[in-house]
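**Student:** Next up is a structure, given as structure tokens.
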Amino acid sequence: MISKAMEPLIHNNSAVRAMFEEGKQMAAKYGAENVYDFSLGNPNLHPPKEVKQAILDILDTEDPHRVHGYMSNAGFETTRQAVAENLNKRYGSHYTMENIIMVVGAASGLNILLKTILDPDDEVIVFAPFFVEYRNYVSNYYARTVVVPPSPETGFLPRMDAFEERITPKTKAVIINTPNNPTGAIYPAETLKAIGEVLDRKSKEIGHPIYLISDEPYRELVYTDQEVPFVPDYYTNTLIGYSFSKSLSLPGERIGYVVIPSESDNAKEFIEAATIANRVSGSVNAPSLMQLVIERCLDAQVDVPYYKKNAEDLYRIVTEAGFQCVRPQGAFYLWVASPVADEKEFVQAGKEEHLIMVPGSSFAGPGNVRLSFCVSNDMILRSEPAFRALGKKYFG
């Protein structure tokens, strides 16, 4: 028998993955060229050329024992120092390798941070709509996810009044994601400042720190002139979870890092505990080869203009078909308002036109659907007749 804890996870298995699998089945049935799969945030671009060259150079020149062997659970010292110096150069921070732990992607990083913070029955606040797995990560440690409802009228930026009302003595952390999955919104400095002020005030009121966990896999994927503010500048107890899955097109390599600033509460003890959490969670350490690759490629980047064109083309196609959506500022996603109350009905209608969309209820955003545009531009352009046909069903 499986555990009772796993039963609801089987029942509520990720709709994103389910739609992805359905898209593969439809492609086999109708031909891949006749199916328009916008389900998964799986980068379509090759990694930058620097990544391939780094892999070849490391395999040719580095000691195999170092390339493929164990290291400190926090990661190679040289890699961690390189990450710290890169952040310092870009954001004016003052990190050293002690503030960096290399992790198995942002998902593992967030789990490590939550494991370090949470006791059973604690609470973690998230802002809807949010990445579907946050709730599962929190429940891994028998804590509870508290959802702040969305604010469509402000472009899905956090609602400060509803946020503060949901903070209790059990609140241990808040997770934010900017640029955001699924809306593409970038939180401006004013929003981050307001979040920081609320957390400072409430932390003092309840008598323990509330950590702000910034999930940042899309930090470099920006399509406007808007700056992505550096979250630790606005709140001392900020922890960062970062992944190279999107910025270097390496989702399957599972490589990222967490940042624990020295200025944060109990930083020394926190860093030690998080390093142990990295080990006991089963990760042990981040992949050795990819750590050494990242060390050499911190200034490399995928072709962001390619994704910007995808975003612009898909936004045009969808809006010209009659649908309302949020113009994406960053990340990989178009957040589209369903023309009917039940967006799952809309998703089903999309399938009839061979369009694969993900229902917004999977992200605590019912009444919307998510389209991922990290796909080939050719597929986006080929999908235009299908969106037009879908639009005619609702708007004539």
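Naming works like this for the structure tokens: A, B, ... for the chains as they're shown, residue 1 at the start of each chain, ligands 1 onward in shown order.
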Would you kindly return, as a list of chain:residue names, each protein, DNA or RNA residue with an atom no farther than 9 Å from any atom of Leu292 (chain A), considering only C-alpha atoms and excluding same-chain residues fewer than 6 positions away?

**Tutor:** A:Ala54, A:Ile55, A:Ile58, A:Val67, A:Phe76, A:Thr78, A:Thr79

**Student:** Skipping near chain neighbours, those fewer than 6 positions away, what residues fall within 10 Å of Glu77 (chain A) using only C-alpha atoms, listed as a list of chain:residue names?

**Tutor:**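 Within the cut-off, the hits are A:Met71, A:Val83, A:Thr96, A:Met97, A:Glu98, A:Ile100, A:Ile101, A:Met102.
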
**Student:** Quick one: of A:Arg201, A:Lys172, A:His46, A:Arg166, who's nearest to Asp121 (chain A), counting only C-alpha atoms?

**Tutor:**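 Looking at the shortest contact to Asp121 (chain A), the residue is A:Lys172.
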
**Student:** Which polymer residues have any atom within 12 Å of an atom of Ala321 (chain A), counting only C-alpha atoms, with same-chain residues fewer than 6 positions away left out, as a PyMOL selection string?

**Tutor:** chain A and resi 314-315+336+339+383-396

**Student:** How many Å lie between CA of Val284 (chain A) and CA of Asp119 (chain A), rounded to one decimal?

**Tutor:**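 If I compute the distance from CA of Val284 (chain A) to CA of Asp119 (chain A), I get 21.8 Å.
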
**Student:** Run DSSP on the backbone and tell me which residues of region 236-357 of chain A come out as helix (DSSP H, G or I); list them as JSON, numbers by chain.

**Tutor:** {"A": [251, 252, 253, 267, 268, 269, 270, 271, 272, 273, 274, 275, 276, 277, 278, 279, 280, 288, 289, 290, 291, 292, 293, 294, 295, 296, 304, 305, 306, 307, 308, 309, 310, 311, 312, 313, 314, 315, 316, 317, 318, 319, 320, 343, 344, 345, 346, 347, 348, 349, 350, 351, 352]}

**Student:** Please measure the separation of CA of Ala331 (chain A) and CA of Glu50 (chain A), giving the value in Å to one decimal.

**Tutor:**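 For CA of Ala331 (chain A) relative to CA of Glu50 (chain A), the distance reads 22.2 Å.
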
**Student:** Would you mind listing what lies within 12 Å of Glu205 (chain A) as a PyMOL selection string, with only C-alpha atoms counted and same-chain residues fewer than 4 positions away left out?

**Tutor:** chain A and resi 164+167-169+171+198-201+209-210

**Student:** Quick one: everything within 8 Å of region 144-151 of chain A, counting only C-alpha atoms, minus sequence neighbours fewer than 6 positions away in the same chain. Send it as an MDAnalysis selection string.

**Tutor:** chainID A and resid 121:129 135 138 157:159 162:163 166 365

**Student:** Fewer than 2 positions away in the same chain doesn't count, so skip those; otherwise give me all residues within 8 Å of Arg219 (chain A), counting only C-alpha atoms, as an MDAnalysis selection string.

**Tutor:** chainID A and resid 178:179 216:217 221:222 228 247 331

**Student:** Using C-alpha atoms, can you export the residues from the last selection as a tab-separated table (two decimals), in the first residue's frame?

**Tutor:**
chain	number	residue	atom	x	y	z
A	178	THR	CA	9.06	37.26	-10.43
A	179	PRO	CA	8.96	37.24	-13.42
A	216	GLU	CA	13.87	33.09	-9.64
A	217	PRO	CA	14.20	30.72	-12.60
A	221	LEU	CA	13.91	36.35	-19.31
A	222	VAL	CA	12.50	39.86	-19.67
A	228	VAL	CA	13.64	42.97	-12.40
A	247	SER	CA	18.35	31.03	-18.58
A	331	ALA	CA	9.01	34.29	-18.15

**Student:** Find the residue from A:Val375, A:Leu334, A:Leu355, A:Ala189 that sits nearest to Tyr307 (chain A); use only C-alpha atoms when measuring.

**Tutor:** A:Val375

**Student:** Can you pull out the residues contacting Tyr223 (chain A)? Cut-off 6 Å, using only C-alpha atoms, and skip same-chain residues under 3 positions away; I want them as a PyMOL selection string.

**Tutor:** chain A and resi 308+329-330

**Student:** When you count only C-alpha atoms, which of these residues is closest to Glu220 (chain A): A:Pro305, A:Pro182, A:Pro287, A:Gly155?

**Tutor:**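 Looking only at the distances to Glu220 (chain A), the closest residue turns out to be A:Pro305.
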
**Student:** Select, from A:Asn136, A:Asn88, A:Asn368, A:Asn181, the residue with the minimum atom-to-atom distance to Val259 (chain A), counting only C-alpha atoms.

**Tutor:**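 Counting only C-alpha atoms, the residue closest to Val259 (chain A) is A:Asn88.
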
**Student:** For CA of Glu353 (chain A) and CA of Phe131 (chain A), quote the distance in Å rounded to one decimal.

**Tutor:** 26.4 Å

**Student:** Would you return as JSON, numbers by chain the members of region 158-364 of chain A that DSSP assigns to strand (DSSP E) on this structure's backbone?

**Tutor:** {"A": [171, 172, 173, 174, 175, 176, 177, 211, 212, 213, 214, 215, 238, 239, 240, 241, 242, 243, 256, 257, 258, 259, 325, 326, 333, 334, 335, 336, 337, 355, 356, 358, 359]}

**Student:** Please produce an output containing N, CA and C atoms for each residue in the selection, written as a compact mmCIF listing (two decimals), in the first residue's frame.

**Tutor:**
# COMPACT_ATOMS: atom_id res chain seq x y z
N THR A 171 2.88 31.71 10.51
CA THR A 171 3.50 32.03 9.23
C THR A 171 5.01 32.00 9.36
N LYS A 172 5.66 31.15 8.58
CA LYS A 172 7.12 31.04 8.62
C LYS A 172 7.78 31.58 7.35
N ALA A 173 7.04 31.58 6.24
CA ALA A 173 7.65 31.99 4.98
C ALA A 173 6.59 32.48 4.00
N VAL A 174 7.06 33.25 3.04
CA VAL A 174 6.25 33.71 1.91
C VAL A 174 7.05 33.38 0.66
N ILE A 175 6.41 32.82 -0.36
CA ILE A 175 7.08 32.52 -1.63
C ILE A 175 6.58 33.50 -2.69
N ILE A 176 7.53 34.13 -3.37
CA ILE A 176 7.18 34.96 -4.53
C ILE A 176 7.96 34.46 -5.74
N ASN A 177 7.46 34.84 -6.92
CA ASN A 177 8.04 34.36 -8.18
C ASN A 177 7.92 35.49 -9.20
N TYR A 211 10.48 34.48 6.62
CA TYR A 211 11.40 34.51 5.49
C TYR A 211 10.65 34.72 4.18
N LEU A 212 11.23 35.52 3.31
CA LEU A 212 10.70 35.73 1.97
C LEU A 212 11.55 34.91 1.00
N ILE A 213 10.95 33.89 0.40
CA ILE A 213 11.66 33.02 -0.53
C ILE A 213 11.35 33.49 -1.95
N SER A 214 12.38 33.93 -2.65
CA SER A 214 12.22 34.43 -4.01
C SER A 214 12.64 33.33 -4.98
N ASP A 215 11.67 32.80 -5.70
CA ASP A 215 11.89 31.73 -6.68
C ASP A 215 12.18 32.39 -8.03
N THR A 238 15.42 37.74 3.05
CA THR A 238 15.13 37.15 1.76
C THR A 238 16.06 35.99 1.48
N LEU A 239 15.50 34.90 0.98
CA LEU A 239 16.26 33.74 0.53
C LEU A 239 15.96 33.55 -0.96
N ILE A 240 16.98 33.23 -1.74
CA ILE A 240 16.79 33.09 -3.19
C ILE A 240 16.94 31.63 -3.59
N GLY A 241 16.01 31.16 -4.42
CA GLY A 241 16.17 29.88 -5.10
C GLY A 241 16.29 30.14 -6.59
N TYR A 242 17.41 29.73 -7.18
CA TYR A 242 17.67 30.03 -8.60
C TYR A 242 17.93 28.74 -9.37
N SER A 243 17.53 28.75 -10.64
CA SER A 243 17.76 27.61 -11.52
C SER A 243 18.30 28.11 -12.85
N GLY A 256 21.18 24.48 -9.99
CA GLY A 256 20.81 25.80 -9.50
C GLY A 256 21.53 26.10 -8.21
N TYR A 257 21.09 27.13 -7.51
CA TYR A 257 21.70 27.48 -6.23
C TYR A 257 20.67 28.18 -5.35
N VAL A 258 20.96 28.22 -4.05
CA VAL A 258 20.20 29.07 -3.13
C VAL A 258 21.17 30.08 -2.53
N VAL A 259 20.61 31.23 -2.19
CA VAL A 259 21.37 32.30 -1.54
C VAL A 259 20.77 32.53 -0.16
N CYS A 325 -5.93 38.72 -22.65
CA CYS A 325 -4.81 38.10 -21.93
C CYS A 325 -3.87 39.18 -21.41
N VAL A 326 -2.99 38.77 -20.52
CA VAL A 326 -1.99 39.66 -19.94
C VAL A 326 -0.79 39.69 -20.87
N TYR A 333 5.20 32.57 -20.44
CA TYR A 333 3.80 32.21 -20.45
C TYR A 333 2.87 33.36 -20.81
N LEU A 334 1.79 33.00 -21.50
CA LEU A 334 0.69 33.90 -21.79
C LEU A 334 -0.50 33.46 -20.94
N TRP A 335 -1.03 34.40 -20.15
CA TRP A 335 -2.13 34.11 -19.22
C TRP A 335 -3.41 34.66 -19.84
N VAL A 336 -4.28 33.75 -20.26
CA VAL A 336 -5.42 34.10 -21.09
C VAL A 336 -6.72 33.91 -20.31
N ALA A 337 -7.60 34.91 -20.35
CA ALA A 337 -8.90 34.81 -19.70
C ALA A 337 -9.80 33.88 -20.50
N LEU A 355 -5.35 22.43 -30.03
CA LEU A 355 -4.62 23.36 -29.17
C LEU A 355 -4.53 22.78 -27.77
N ILE A 356 -3.32 22.69 -27.23
CA ILE A 356 -3.11 22.16 -25.88
C ILE A 356 -2.82 23.33 -24.94
N VAL A 358 -3.27 24.76 -20.66
CA VAL A 358 -3.32 24.27 -19.28
C VAL A 358 -4.35 25.07 -18.51
N PRO A 359 -5.30 24.41 -17.83
CA PRO A 359 -6.31 25.16 -17.06
C PRO A 359 -5.71 25.96 -15.92

**Student:** May I ask which of the residues A:Met379, A:Val302, A:Leu114, A:Leu40 is the closest one to Lys24 (chain A), counting only C-alpha atoms?

**Tutor:**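 So, comparing all the options, the nearest one is A:Leu40.
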